[in-house]
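The file my_file25.cif comes next; it holds mmCIF, C-alpha atoms.
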```cif
data_input
loop_
_atom_site.label_atom_id
_atom_site.label_comp_id
_atom_site.auth_asym_id
_atom_site.auth_seq_id
_atom_site.Cartn_x
_atom_site.Cartn_y
_atom_site.Cartn_z
CA MET Z 51 10.91 -3.98 11.98
CA LEU Z 52 7.81 -6.01 12.78
CA GLY Z 53 9.29 -7.28 16.02
CA LYS Z 54 10.03 -3.76 17.22
CA CYS Z 55 6.55 -2.64 16.22
CA PHE Z 56 4.99 -5.47 18.22
CA SER Z 57 7.17 -4.93 21.30
CA ILE Z 58 6.57 -1.19 21.42
CA LEU Z 59 2.80 -1.68 21.10
CA CYS Z 60 2.75 -4.27 23.88
CA ILE Z 61 4.96 -2.35 26.29
CA ILE Z 62 3.02 0.90 25.84
CA SER Z 63 -0.28 -0.92 26.36
CA PHE Z 64 0.98 -2.68 29.47
CA ILE Z 65 2.14 0.57 31.07
CA PHE Z 66 -1.09 2.38 30.22
CA ALA Z 67 -3.16 -0.59 31.38
CA ILE Z 68 -1.52 -0.44 34.82
CA PHE Z 69 -2.16 3.28 35.19
CA CYS Z 70 -5.69 3.23 33.76
CA GLY Z 71 -6.68 0.02 35.53
CA ASN Z 72 -7.76 -1.67 32.31
CA MET Z 73 -5.86 -4.92 32.74
CA ASP Z 74 -9.04 -7.04 32.53
CA GLU Z 75 -9.86 -5.55 29.13
CA VAL Z 76 -6.29 -6.03 27.93
CA SER Z 77 -6.21 -9.70 28.84
CA LYS Z 78 -9.49 -10.23 26.97
CA SER Z 79 -8.15 -8.37 23.94
CA VAL Z 80 -5.18 -10.71 23.52
CA LEU Z 81 -7.33 -13.73 22.74
CA GLN Z 82 -9.76 -11.68 20.67
CA GLY Z 83 -6.79 -10.50 18.64
CA CYS Z 84 -5.81 -14.06 17.74
CA GLU Z 85 -9.26 -14.80 16.40
CA LYS Z 86 -9.43 -11.50 14.53
CA SER Z 87 -6.11 -12.02 12.77
CA VAL Z 88 -7.32 -15.27 11.24
CA SER Z 89 -10.65 -13.79 10.14
CA VAL Z 90 -8.92 -10.78 8.54
CA CYS Z 91 -6.50 -13.00 6.64
CA PHE Z 92 -9.33 -15.28 5.54
CA SER Z 93 -11.23 -12.38 4.06
CA LEU Z 94 -8.10 -11.58 2.02
CA VAL Z 95 -7.35 -15.10 0.75
CA GLY Z 96 -9.81 -15.01 -2.14
CA VAL Z 97 -8.69 -11.64 -3.50
CA MET Z 98 -5.01 -12.46 -3.30
CA VAL Z 99 -5.60 -15.75 -5.11
CA LEU Z 100 -7.58 -14.07 -7.88
CA TRP Z 101 -5.20 -11.16 -8.24
CA ASN Z 102 -1.99 -13.15 -8.34
CA GLY Z 103 -3.56 -15.45 -10.91
CA ILE Z 104 -4.57 -12.50 -13.09
CA MET Z 105 -1.11 -10.95 -12.78
CA GLU Z 106 0.53 -14.20 -13.88
CA VAL Z 107 -1.67 -14.40 -16.99
CA LEU Z 108 -0.98 -10.75 -17.85
CA LYS Z 109 2.76 -11.33 -17.45
CA GLU Z 110 2.89 -14.55 -19.48
CA SER Z 111 0.71 -13.26 -22.30
CA GLY Z 112 2.84 -10.14 -22.83
CA ILE Z 113 0.19 -7.62 -21.78
CA ILE Z 114 2.70 -6.19 -19.27
CA LYS Z 115 5.12 -5.61 -22.14
CA ILE Z 116 2.45 -3.66 -24.05
CA VAL Z 117 1.75 -1.61 -20.92
CA SER Z 118 5.44 -0.86 -20.54
CA ARG Z 119 5.63 0.30 -24.16
CA VAL Z 120 2.76 2.70 -23.50
CA LEU Z 121 4.39 3.97 -20.31
CA THR Z 122 7.89 4.44 -21.78
CA PRO Z 123 7.55 8.13 -22.80
CA VAL Z 124 6.38 9.05 -19.30
CA LEU Z 125 9.03 6.92 -17.61
CA ARG Z 126 11.73 8.50 -19.73
CA LEU Z 127 10.95 11.78 -17.98
CA ILE Z 128 10.88 10.22 -14.52
CA PHE Z 129 14.01 8.03 -14.84
CA PRO Z 130 16.24 10.06 -17.18
CA ARG Z 131 19.48 8.28 -16.41
CA SER Z 132 18.29 4.67 -16.63
CA PHE Z 133 16.37 5.27 -19.86
CA LYS Z 134 19.28 7.13 -21.44
CA GLY Z 135 21.62 4.23 -20.82
CA GLY Z 136 18.91 1.62 -21.41
CA ALA Z 137 19.71 -0.09 -18.10
CA ALA Z 138 16.95 -1.82 -16.17
CA THR Z 139 14.19 -0.21 -18.26
CA GLU Z 140 12.12 -3.38 -18.54
CA GLU Z 141 12.47 -4.11 -14.83
CA ILE Z 142 11.37 -0.60 -13.95
CA THR Z 143 8.27 -0.74 -16.14
CA ALA Z 144 7.26 -4.20 -14.91
CA CYS Z 145 7.65 -3.03 -11.33
CA ILE Z 146 5.54 0.07 -11.84
CA SER Z 147 2.80 -1.72 -13.78
CA ALA Z 148 2.52 -4.27 -10.98
CA SER Z 149 2.30 -1.60 -8.30
CA MET Z 150 -0.35 0.25 -10.32
CA LEU Z 151 -2.41 -2.93 -10.33
CA GLY Z 152 -1.85 -3.23 -6.59
CA VAL Z 153 -0.15 -6.63 -6.54
CA SER Z 154 2.22 -5.69 -3.76
CA ASN Z 155 3.78 -9.12 -3.29
CA ALA Z 156 4.72 -9.12 -6.98
CA VAL Z 157 6.18 -5.61 -6.76
CA THR Z 158 8.86 -6.35 -4.17
CA PRO Z 159 10.92 -8.93 -6.13
CA LEU Z 160 10.61 -6.83 -9.30
CA ALA Z 161 11.83 -3.71 -7.51
CA ILE Z 162 14.78 -5.51 -5.94
CA ASN Z 163 15.68 -6.80 -9.36
CA ALA Z 164 15.49 -3.33 -10.91
CA ILE Z 165 17.62 -1.75 -8.18
CA SER Z 166 20.33 -4.38 -8.40
CA LYS Z 167 20.51 -3.74 -12.16
CA MET Z 168 20.65 0.04 -11.68
CA GLU Z 169 23.44 -0.40 -9.18
CA ARG Z 170 25.94 -1.49 -11.81
CA GLY Z 171 28.59 1.16 -12.32
CA THR Z 172 27.48 3.37 -9.44
CA LYS Z 173 29.16 4.06 -6.15
CA LYS Z 174 28.59 1.17 -3.75
CA GLY Z 175 26.10 1.72 -0.95
CA TYR Z 176 24.87 4.95 -2.50
CA ALA Z 177 21.30 5.50 -3.72
CA THR Z 178 21.19 7.25 -7.09
CA ASN Z 179 18.36 9.60 -8.06
CA ASP Z 180 16.72 6.89 -10.14
CA MET Z 181 16.81 4.39 -7.29
CA ILE Z 182 15.20 6.87 -4.93
CA MET Z 183 12.56 7.57 -7.58
CA LEU Z 184 11.75 3.87 -7.87
CA CYS Z 185 11.34 3.56 -4.11
CA MET Z 186 9.20 6.68 -4.09
CA LEU Z 187 6.92 5.08 -6.68
CA GLY Z 188 6.87 1.93 -4.55
CA CYS Z 189 5.51 4.01 -1.67
CA ALA Z 190 3.06 6.21 -3.53
CA CYS Z 191 1.86 4.92 -6.86
CA PHE Z 192 -1.31 5.48 -8.86
CA ASN Z 193 -3.61 2.67 -7.74
CA ILE Z 194 -6.03 1.50 -10.44
CA ILE Z 195 -8.00 -1.03 -8.40
CA PRO Z 196 -7.69 -1.05 -4.58
CA THR Z 197 -8.95 -4.63 -4.37
CA THR Z 198 -7.51 -5.47 -0.94
CA ILE Z 199 -9.44 -2.72 0.76
CA ILE Z 200 -12.60 -3.30 -1.28
CA ALA Z 201 -12.50 -6.99 -0.31
CA LEU Z 202 -12.05 -6.13 3.37
CA ARG Z 203 -14.91 -3.64 3.22
CA GLU Z 204 -17.13 -6.21 1.57
CA ALA Z 205 -16.20 -8.81 4.18
CA LYS Z 206 -17.29 -6.33 6.86
CA GLY Z 207 -20.65 -5.88 5.12
CA ALA Z 208 -20.13 -2.35 3.81
CA GLU Z 209 -22.60 -0.63 1.51
CA ILE Z 210 -19.92 1.62 0.04
CA THR Z 211 -17.40 -0.67 -1.66
CA TYR Z 212 -16.51 0.04 -5.27
CA GLN Z 213 -17.40 3.70 -4.86
CA ILE Z 214 -14.05 4.32 -3.16
CA ILE Z 215 -12.23 3.74 -6.45
CA VAL Z 216 -12.49 7.30 -7.76
CA PRO Z 217 -11.37 8.99 -4.51
CA VAL Z 218 -8.46 6.54 -4.46
CA TRP Z 219 -7.56 7.49 -8.04
CA ILE Z 220 -7.51 11.18 -7.15
CA CYS Z 221 -5.46 10.74 -3.96
CA SER Z 222 -2.97 8.21 -5.24
CA LEU Z 223 -2.36 10.14 -8.46
CA ALA Z 224 -1.86 13.40 -6.56
CA CYS Z 225 0.56 11.75 -4.11
CA MET Z 226 2.49 10.15 -6.95
CA VAL Z 227 2.80 13.44 -8.85
CA VAL Z 228 3.91 15.36 -5.75
CA GLY Z 229 6.42 12.64 -4.86
CA VAL Z 230 7.88 12.52 -8.36
CA ILE Z 231 8.18 16.31 -8.60
CA LEU Z 232 9.84 16.58 -5.18
CA CYS Z 233 12.28 13.81 -6.06
CA ARG Z 234 13.19 15.48 -9.34
CA ILE Z 235 13.73 18.87 -7.67
CA LEU Z 236 15.84 17.43 -4.85
CA GLY Z 237 17.72 15.26 -7.33
CA LYS Z 238 18.61 18.36 -9.32
CA ILE Z 239 19.70 20.24 -6.19
CA TYR Z 240 21.85 17.46 -4.74
CA GLY Z 241 23.15 16.17 -8.07
CA ASP Z 242 23.84 12.54 -8.82
CA SER Z 243 26.70 10.52 -7.37
CA MET O 7 -21.49 11.26 -8.89
CA GLU O 8 -23.84 8.83 -10.63
CA ILE O 9 -21.44 8.43 -13.57
CA VAL O 10 -18.47 8.09 -11.25
CA ASN O 11 -20.17 5.20 -9.46
CA LYS O 12 -20.92 3.53 -12.79
CA ILE O 13 -17.24 3.78 -13.80
CA SER O 14 -16.21 2.28 -10.46
CA TYR O 15 -18.24 -0.83 -11.15
CA PHE O 16 -16.68 -1.30 -14.58
CA VAL O 17 -13.00 -1.46 -13.61
CA LEU O 18 -12.70 -4.92 -12.06
CA PRO O 19 -14.98 -6.78 -14.52
CA CYS O 20 -12.97 -5.27 -17.40
CA VAL O 21 -9.75 -6.78 -16.07
CA VAL O 22 -11.40 -10.14 -15.48
CA ILE O 23 -12.87 -10.14 -19.01
CA LEU O 24 -9.46 -9.27 -20.47
CA VAL O 25 -7.95 -12.30 -18.74
CA ALA O 26 -10.90 -14.47 -19.79
CA ILE O 27 -10.37 -13.49 -23.43
CA ILE O 28 -6.65 -14.21 -23.19
CA ILE O 29 -7.39 -17.67 -21.80
CA LEU O 30 -9.97 -18.33 -24.53
CA VAL O 31 -8.00 -17.19 -27.60
CA GLY O 32 -4.42 -17.64 -26.36
CA LYS O 33 -2.31 -20.25 -28.09
CA ARG O 34 -0.78 -21.41 -24.83
CA ASP O 35 -2.52 -22.88 -21.81
CA TYR O 36 -3.03 -19.62 -19.97
CA PHE O 37 -5.44 -21.11 -17.47
CA SER O 38 -2.62 -23.12 -15.93
CA CYS O 39 -0.66 -19.84 -15.69
CA PHE O 40 -3.60 -18.44 -13.78
CA LEU O 41 -3.64 -21.41 -11.45
CA ARG O 42 0.11 -21.19 -10.88
CA GLY O 43 -0.11 -17.51 -9.96
CA ALA O 44 -3.18 -18.13 -7.82
CA LYS O 45 -1.33 -20.77 -5.84
CA GLY O 46 1.37 -18.20 -5.06
CA GLY O 47 -1.35 -15.84 -3.85
CA LEU O 48 -2.77 -18.52 -1.60
CA LYS O 49 0.63 -19.09 -0.06
CA SER O 50 1.25 -15.42 0.63
CA ALA O 51 -2.26 -14.93 2.06
CA PHE O 52 -1.76 -17.71 4.60
CA GLY O 53 1.79 -16.52 5.18
CA LEU O 54 0.30 -13.27 6.48
CA ILE O 55 -1.41 -14.95 9.44
CA PRO O 56 1.58 -15.29 11.83
CA SER O 57 2.69 -11.65 11.61
CA MET O 58 -0.91 -10.43 11.54
CA CYS O 59 -1.64 -12.41 14.69
CA ALA O 60 1.14 -10.66 16.61
CA LEU O 61 0.33 -7.19 15.30
CA ILE O 62 -3.42 -7.39 15.73
CA ILE O 63 -2.87 -8.50 19.32
CA GLY O 64 -0.58 -5.51 19.80
CA VAL O 65 -3.08 -3.04 18.37
CA ASN O 66 -5.96 -4.65 20.27
CA MET O 67 -4.04 -4.37 23.53
CA LEU O 68 -3.23 -0.75 22.81
CA PHE O 69 -6.92 0.07 22.38
CA ALA O 70 -8.01 -1.97 25.40
CA SER O 71 -5.41 -0.37 27.68
CA GLY O 72 -6.91 3.07 27.12
CA ALA O 73 -3.65 4.41 25.69
CA THR O 74 -5.13 5.36 22.33
CA GLU O 75 -7.96 7.26 23.99
CA ILE O 76 -5.47 9.38 25.92
CA ILE O 77 -3.18 9.90 22.92
CA THR O 78 -5.97 10.70 20.46
CA GLY O 79 -7.61 12.92 23.08
CA PHE O 80 -4.39 14.89 23.10
CA PHE O 81 -4.16 15.27 19.32
CA ALA O 82 -7.88 15.34 18.47
CA PRO O 83 -8.40 19.14 18.47
CA LEU O 84 -5.46 19.63 16.13
CA LEU O 85 -6.56 16.84 13.77
CA GLU O 86 -10.20 17.91 13.64
CA LYS O 87 -9.12 21.44 12.80
CA ILE O 88 -7.43 20.27 9.59
CA GLY O 89 -10.35 18.00 8.72
CA VAL O 90 -8.88 14.64 9.74
CA PRO O 91 -11.16 12.44 11.89
CA SER O 92 -9.28 11.76 15.13
CA ASP O 93 -10.27 8.06 15.10
CA ILE O 94 -7.75 7.36 12.34
CA LEU O 95 -4.71 8.55 14.34
CA PRO O 96 -3.48 4.97 15.03
CA LEU O 97 -3.57 4.33 11.29
CA ILE O 98 -1.59 7.51 10.55
CA LEU O 99 1.07 6.38 13.03
CA THR O 100 1.33 2.78 11.82
CA ARG O 101 0.89 3.30 8.07
CA PRO O 102 4.55 4.14 7.31
CA LEU O 103 5.83 1.26 9.48
CA SER O 104 4.30 -1.95 8.24
CA PHE O 105 1.45 -3.34 6.16
CA GLY O 106 0.41 -5.73 8.92
CA ALA O 107 0.27 -3.06 11.62
CA SER O 108 -1.66 -0.63 9.46
CA LEU O 109 -4.06 -3.37 8.38
CA ALA O 110 -4.60 -4.16 12.06
CA SER O 111 -5.37 -0.51 12.85
CA PHE O 112 -7.59 -0.31 9.78
CA THR O 113 -9.75 -3.25 10.84
CA ASP O 114 -9.93 -1.78 14.31
CA ILE O 115 -11.23 1.55 12.96
CA VAL O 116 -13.79 -0.33 10.88
CA ASP O 117 -14.99 -2.35 13.89
CA ARG O 118 -15.06 0.67 16.16
CA CYS O 119 -16.70 3.30 13.97
CA GLY O 120 -18.72 1.19 11.55
CA VAL O 121 -17.61 0.27 8.07
CA ASP O 122 -19.52 3.04 6.26
CA SER O 123 -18.55 5.81 8.69
CA LEU O 124 -16.49 8.76 7.50
CA SER O 125 -13.48 7.63 9.54
CA ALA O 126 -13.52 4.16 8.00
CA LEU O 127 -13.88 5.61 4.51
CA CYS O 128 -10.96 8.00 5.05
CA ALA O 129 -8.94 5.08 6.36
CA SER O 130 -9.81 3.01 3.27
CA VAL O 131 -8.59 5.74 0.92
CA ILE O 132 -5.39 6.28 2.92
CA MET O 133 -4.68 2.53 2.91
CA SER O 134 -5.11 2.41 -0.86
CA SER O 135 -3.15 5.49 -1.86
CA THR O 136 0.21 5.08 -0.10
CA ASP O 137 2.36 2.15 0.86
CA THR O 138 4.55 1.48 3.88
CA VAL O 139 7.53 3.85 3.60
CA PHE O 140 9.91 2.23 6.08
CA TYR O 141 9.18 -1.28 4.89
CA VAL O 142 9.82 -0.31 1.27
CA ALA O 143 13.03 1.49 2.22
CA CYS O 144 14.23 -1.49 4.24
CA VAL O 145 13.49 -4.16 1.67
CA TYR O 146 14.38 -2.31 -1.54
CA PHE O 147 17.59 -0.70 -0.34
CA SER O 148 18.94 -3.36 1.98
CA SER O 149 18.81 -5.96 -0.80
CA SER O 150 21.58 -4.03 -2.55
CA GLU O 151 23.26 -2.98 0.71
CA ILE O 152 22.54 0.68 0.08
CA LYS O 153 23.05 2.71 3.22
CA LYS O 154 23.02 6.29 1.94
CA THR O 155 19.35 6.80 1.12
CA ARG O 156 19.83 10.61 0.93
CA TYR O 157 16.57 12.55 0.54
CA PHE O 158 14.32 9.47 0.23
CA LEU O 159 12.86 9.26 3.75
CA PRO O 160 11.96 12.96 4.16
CA VAL O 161 10.21 13.05 0.78
CA ALA O 162 8.41 9.73 1.30
CA LEU O 163 7.21 10.66 4.78
CA PHE O 164 6.04 14.05 3.54
CA VAL O 165 4.05 12.38 0.75
CA SER O 166 2.56 9.88 3.16
CA LEU O 167 1.40 12.71 5.46
CA LEU O 168 0.06 14.56 2.46
CA SER O 169 -1.96 11.49 1.52
CA VAL O 170 -3.66 11.59 4.93
CA PHE O 171 -4.90 15.17 4.48
CA LEU O 172 -5.77 14.64 0.85
CA SER O 173 -7.65 11.39 1.48
CA CYS O 174 -9.76 12.97 4.20
CA MET O 175 -10.50 16.00 2.03
CA VAL O 176 -11.49 13.95 -1.00
CA THR O 177 -13.52 11.51 1.09
CA ARG O 178 -15.52 14.37 2.62
CA LEU O 179 -16.11 15.69 -0.88
CA PHE O 180 -17.43 12.39 -2.20
CA PHE O 181 -19.46 10.96 0.68
#
```
Just dump the structure as structure tokens.
Amino acid sequence: MLGKCFSILCIISFIFAIFCGNMDEVSKSVLQGCEKSVSVCFSLVGVMVLWNGIMEVLKESGIIKIVSRVLTPVLRLIFPRSFKGGAATEEITACISASMLGVSNAVTPLAINAISKMERGTKKGYATNDMIMLCMLGCACFNIIPTTIIALREAKGAEITYQIIVPVWICSLACMVVGVILCRILGKIYGDS
Amino acid sequence: MEIVNKISYFVLPCVVILVAIIILVGKRDYFSCFLRGAKGGLKSAFGLIPSMCALIIGVNMLFASGATEIITGFFAPLLEKIGVPSDILPLILTRPLSFGASLASFTDIVDRCGVDSLSALCASVIMSSTDTVFYVACVYFSSSEIKKTRYFLPVALFVSLLSVFLSCMVTRLFF
């Protein structure tokens, strides 16, 4: 995926550069890009360190379990099949709590775990409604603290940093609700397995 | 708005204090848990550099070649009509594909338009409210060898487009 992305970007730029006569700019931009990538990653190091540390403490101390108990009634509505059979419920809640906190590198292994547990007893190679719902929530989930972006904005010397939290709450919540509703409707229409 | 800003400043300290209290009163050594997790974060942050290097070069070249100017020039009237700043078009296109590519376009928008400009603010909200659809689909489904993803992609792409309009609308409302 990344490789294709990179190749397409480069080929398009090369073609346009020939026609627009911007090859001097393009050659400069390659080396500038190298430097920029390191500076962007450096401005993220601190936040990722802090955030992964916090997540680990929350997980070990059982706070995540409390969160999942609070979320269970809501999740029962969203994942009817998994919660009826009791399969993968803990994995699902852990995954969603992590993505609400915005720890994306913790979400991926949790989600893979949840899906492989949901897969038991279903048709092979076929995504059930609950699996699609989990992926949907992986794409659009209520984001409590958008730390990555706040950190990047601060690194760039922004005046507006934490003030983006409330707009993010509104947008991410709305997207999540729309996504969940659409998935439920389409799930009803197409049926399950 | 004043109250909203106050709330915004409370969120992160609250989480940090919660962790601090756990470390202080917890029976186990939770600080070493923190350090263990933090080390993982350090690894993944540095692990980002190689892919970011390639993708930022790609996005940089695209801007320098003049391609984005021509493409955004083509779509600008349509985007402005629905209230989306045309500067964020590269972000809209790369957001569903990969985190690295969208982060590269995001930093480019910030550098180009200024970090407190409307375009950069819209971009910040978009970045925070949806994730990368194709990446999620690839990683989550391929781990279990699921090929029939049914209605997932259409719904996810629709939601990710919706987030663009919504983010721009809400951002205009707030700032």
Assuming the chain letters and numbering stay as they are in my file, what does the PyMOL selection byres ((chain O and resi 112) around 10) actually select? List them as JSON, numbers by chain. {"Z": [199, 202], "O": [94, 96, 97, 98, 100, 101, 106, 107, 108, 109, 110, 111, 113, 114, 115, 116, 117, 118, 125, 126, 129, 130, 132, 133]}
Within-12 Å shell of (2.3, -0.5, 21.7) in input frame, all atoms listed in the file, as a PDB file with C-alpha atoms, in the frame of the given file:
```pdb
ATOM      1  CA  LEU Z  52       7.810  -6.010  12.780  1.00  0.00           C
ATOM      2  CA  GLY Z  53       9.290  -7.280  16.020  1.00  0.00           C
ATOM      3  CA  LYS Z  54      10.030  -3.760  17.220  1.00  0.00           C
ATOM      4  CA  CYS Z  55       6.550  -2.640  16.220  1.00  0.00           C
ATOM      5  CA  PHE Z  56       4.990  -5.470  18.220  1.00  0.00           C
ATOM      6  CA  SER Z  57       7.170  -4.930  21.300  1.00  0.00           C
ATOM      7  CA  ILE Z  58       6.570  -1.190  21.420  1.00  0.00           C
ATOM      8  CA  LEU Z  59       2.800  -1.680  21.100  1.00  0.00           C
ATOM      9  CA  CYS Z  60       2.750  -4.270  23.880  1.00  0.00           C
ATOM     10  CA  ILE Z  61       4.960  -2.350  26.290  1.00  0.00           C
ATOM     11  CA  ILE Z  62       3.020   0.900  25.840  1.00  0.00           C
ATOM     12  CA  SER Z  63      -0.280  -0.920  26.360  1.00  0.00           C
ATOM     13  CA  PHE Z  64       0.980  -2.680  29.470  1.00  0.00           C
ATOM     14  CA  ILE Z  65       2.140   0.570  31.070  1.00  0.00           C
ATOM     15  CA  PHE Z  66      -1.090   2.380  30.220  1.00  0.00           C
ATOM     16  CA  ALA Z  67      -3.160  -0.590  31.380  1.00  0.00           C
ATOM     17  CA  VAL Z  76      -6.290  -6.030  27.930  1.00  0.00           C
TER      18      VAL Z  76
ATOM     19  CA  ALA O  60       1.140 -10.660  16.610  1.00  0.00           C
ATOM     20  CA  LEU O  61       0.330  -7.190  15.300  1.00  0.00           C
ATOM     21  CA  ILE O  62      -3.420  -7.390  15.730  1.00  0.00           C
ATOM     22  CA  ILE O  63      -2.870  -8.500  19.320  1.00  0.00           C
ATOM     23  CA  GLY O  64      -0.580  -5.510  19.800  1.00  0.00           C
ATOM     24  CA  VAL O  65      -3.080  -3.040  18.370  1.00  0.00           C
ATOM     25  CA  ASN O  66      -5.960  -4.650  20.270  1.00  0.00           C
ATOM     26  CA  MET O  67      -4.040  -4.370  23.530  1.00  0.00           C
ATOM     27  CA  LEU O  68      -3.230  -0.750  22.810  1.00  0.00           C
ATOM     28  CA  PHE O  69      -6.920   0.070  22.380  1.00  0.00           C
ATOM     29  CA  ALA O  70      -8.010  -1.970  25.400  1.00  0.00           C
ATOM     30  CA  SER O  71      -5.410  -0.370  27.680  1.00  0.00           C
ATOM     31  CA  GLY O  72      -6.910   3.070  27.120  1.00  0.00           C
ATOM     32  CA  ALA O  73      -3.650   4.410  25.690  1.00  0.00           C
ATOM     33  CA  THR O  74      -5.130   5.360  22.330  1.00  0.00           C
ATOM     34  CA  ILE O  77      -3.180   9.900  22.920  1.00  0.00           C
ATOM     35  CA  PRO O  96      -3.480   4.970  15.030  1.00  0.00           C
ATOM     36  CA  LEU O  99       1.070   6.380  13.030  1.00  0.00           C
ATOM     37  CA  THR O 100       1.330   2.780  11.820  1.00  0.00           C
ATOM     38  CA  ALA O 107       0.270  -3.060  11.620  1.00  0.00           C
ATOM     39  CA  SER O 111      -5.370  -0.510  12.850  1.00  0.00           C
TER      40      SER O 111
END
```
Nearby residues, (12.5, -3.8, -7.2) file frame, 12 Å, all atoms listed in the file, as number ranges by chain: Z: 138-149, 154-169, 180-189; O: 142-150
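Residues with any atom within 9 Å of region 229-233 of chain Z, counting only C-alpha atoms and excluding same-chain neighbours fewer than 2 positions away, are Ile128, Asn179, Ile182, Met183, Met186, Leu187, Ala190, Ala224, Cys225, Met226, Val227, Ile235, Leu236, Gly237 and Lys238 of chain Z; Tyr157, Phe158, Val161, Ala162, Phe164 and Val165 of chain O.
For the atom pair formed by CA of Gly47 (chain O) and CA of Phe92 (chain Z), the distance is 12.3 Å, given to one decimal.
With CA of Phe105 (chain O) on one side and CA of Ile68 (chain Z) on the other, the separation reads 29.0 Å.
Evaluating the PyMOL selection byres ((chain O and resi 41) around 12) against the shown model yields Val99, Leu100, Trp101, Asn102, Gly103, Ile104, Met105, Glu106 and Val107 of chain Z; Ile29, Asp35, Tyr36, Phe37, Ser38, Cys39, Phe40, Arg42, Gly43, Ala44, Lys45, Gly46, Gly47 and Leu48 of chain O.
Residue nearest chain O within the list Z:Ile113, Z:Leu127, Z:Val95, Z:Ala137: Z:Val95 [criterion: smallest interatomic distance, all atoms listed in the file].
Nearest residue to chain O, choosing from Z:Gly136, Z:Gly207, Z:Pro130, Z:Gly171 and counting all atoms listed in the file: Z:Gly207.
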Using the chain letters and numbers from the file, which residues does the PyMOL selection byres ((chain Z and resi 194) around 7) grab, as a PyMOL selection string? chain Z and resi 150-151+192-193+195-196+219
Atom pair CA of Asp93 (chain O) + CA of Cys119 (chain O), distance 8.1 Å
Near-Tyr212 (chain Z) list (12 Å; all atoms listed in the file; drop same-chain fewer than 2 positions) as number ranges by chain: Z: 194-204, 208-210, 214-219; O: 10-19, 127, 130-131
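Residue nearest Cys59 (chain O) within the list Z:Cys70, Z:Ser87, Z:Val153, Z:Gln82: Z:Ser87 [criterion: smallest interatomic distance, all atoms listed in the file].
If you measure from each of O:Pro91, O:Phe80, O:Ile9, O:Val25 to chain Z using all atoms listed in the file, the closest one turns out to be O:Val25.
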From the list O:Leu167, O:Ala26, O:Val21, O:Leu159, which residue is nearest Leu95 (chain O) when using all atoms listed in the file? O:Leu167
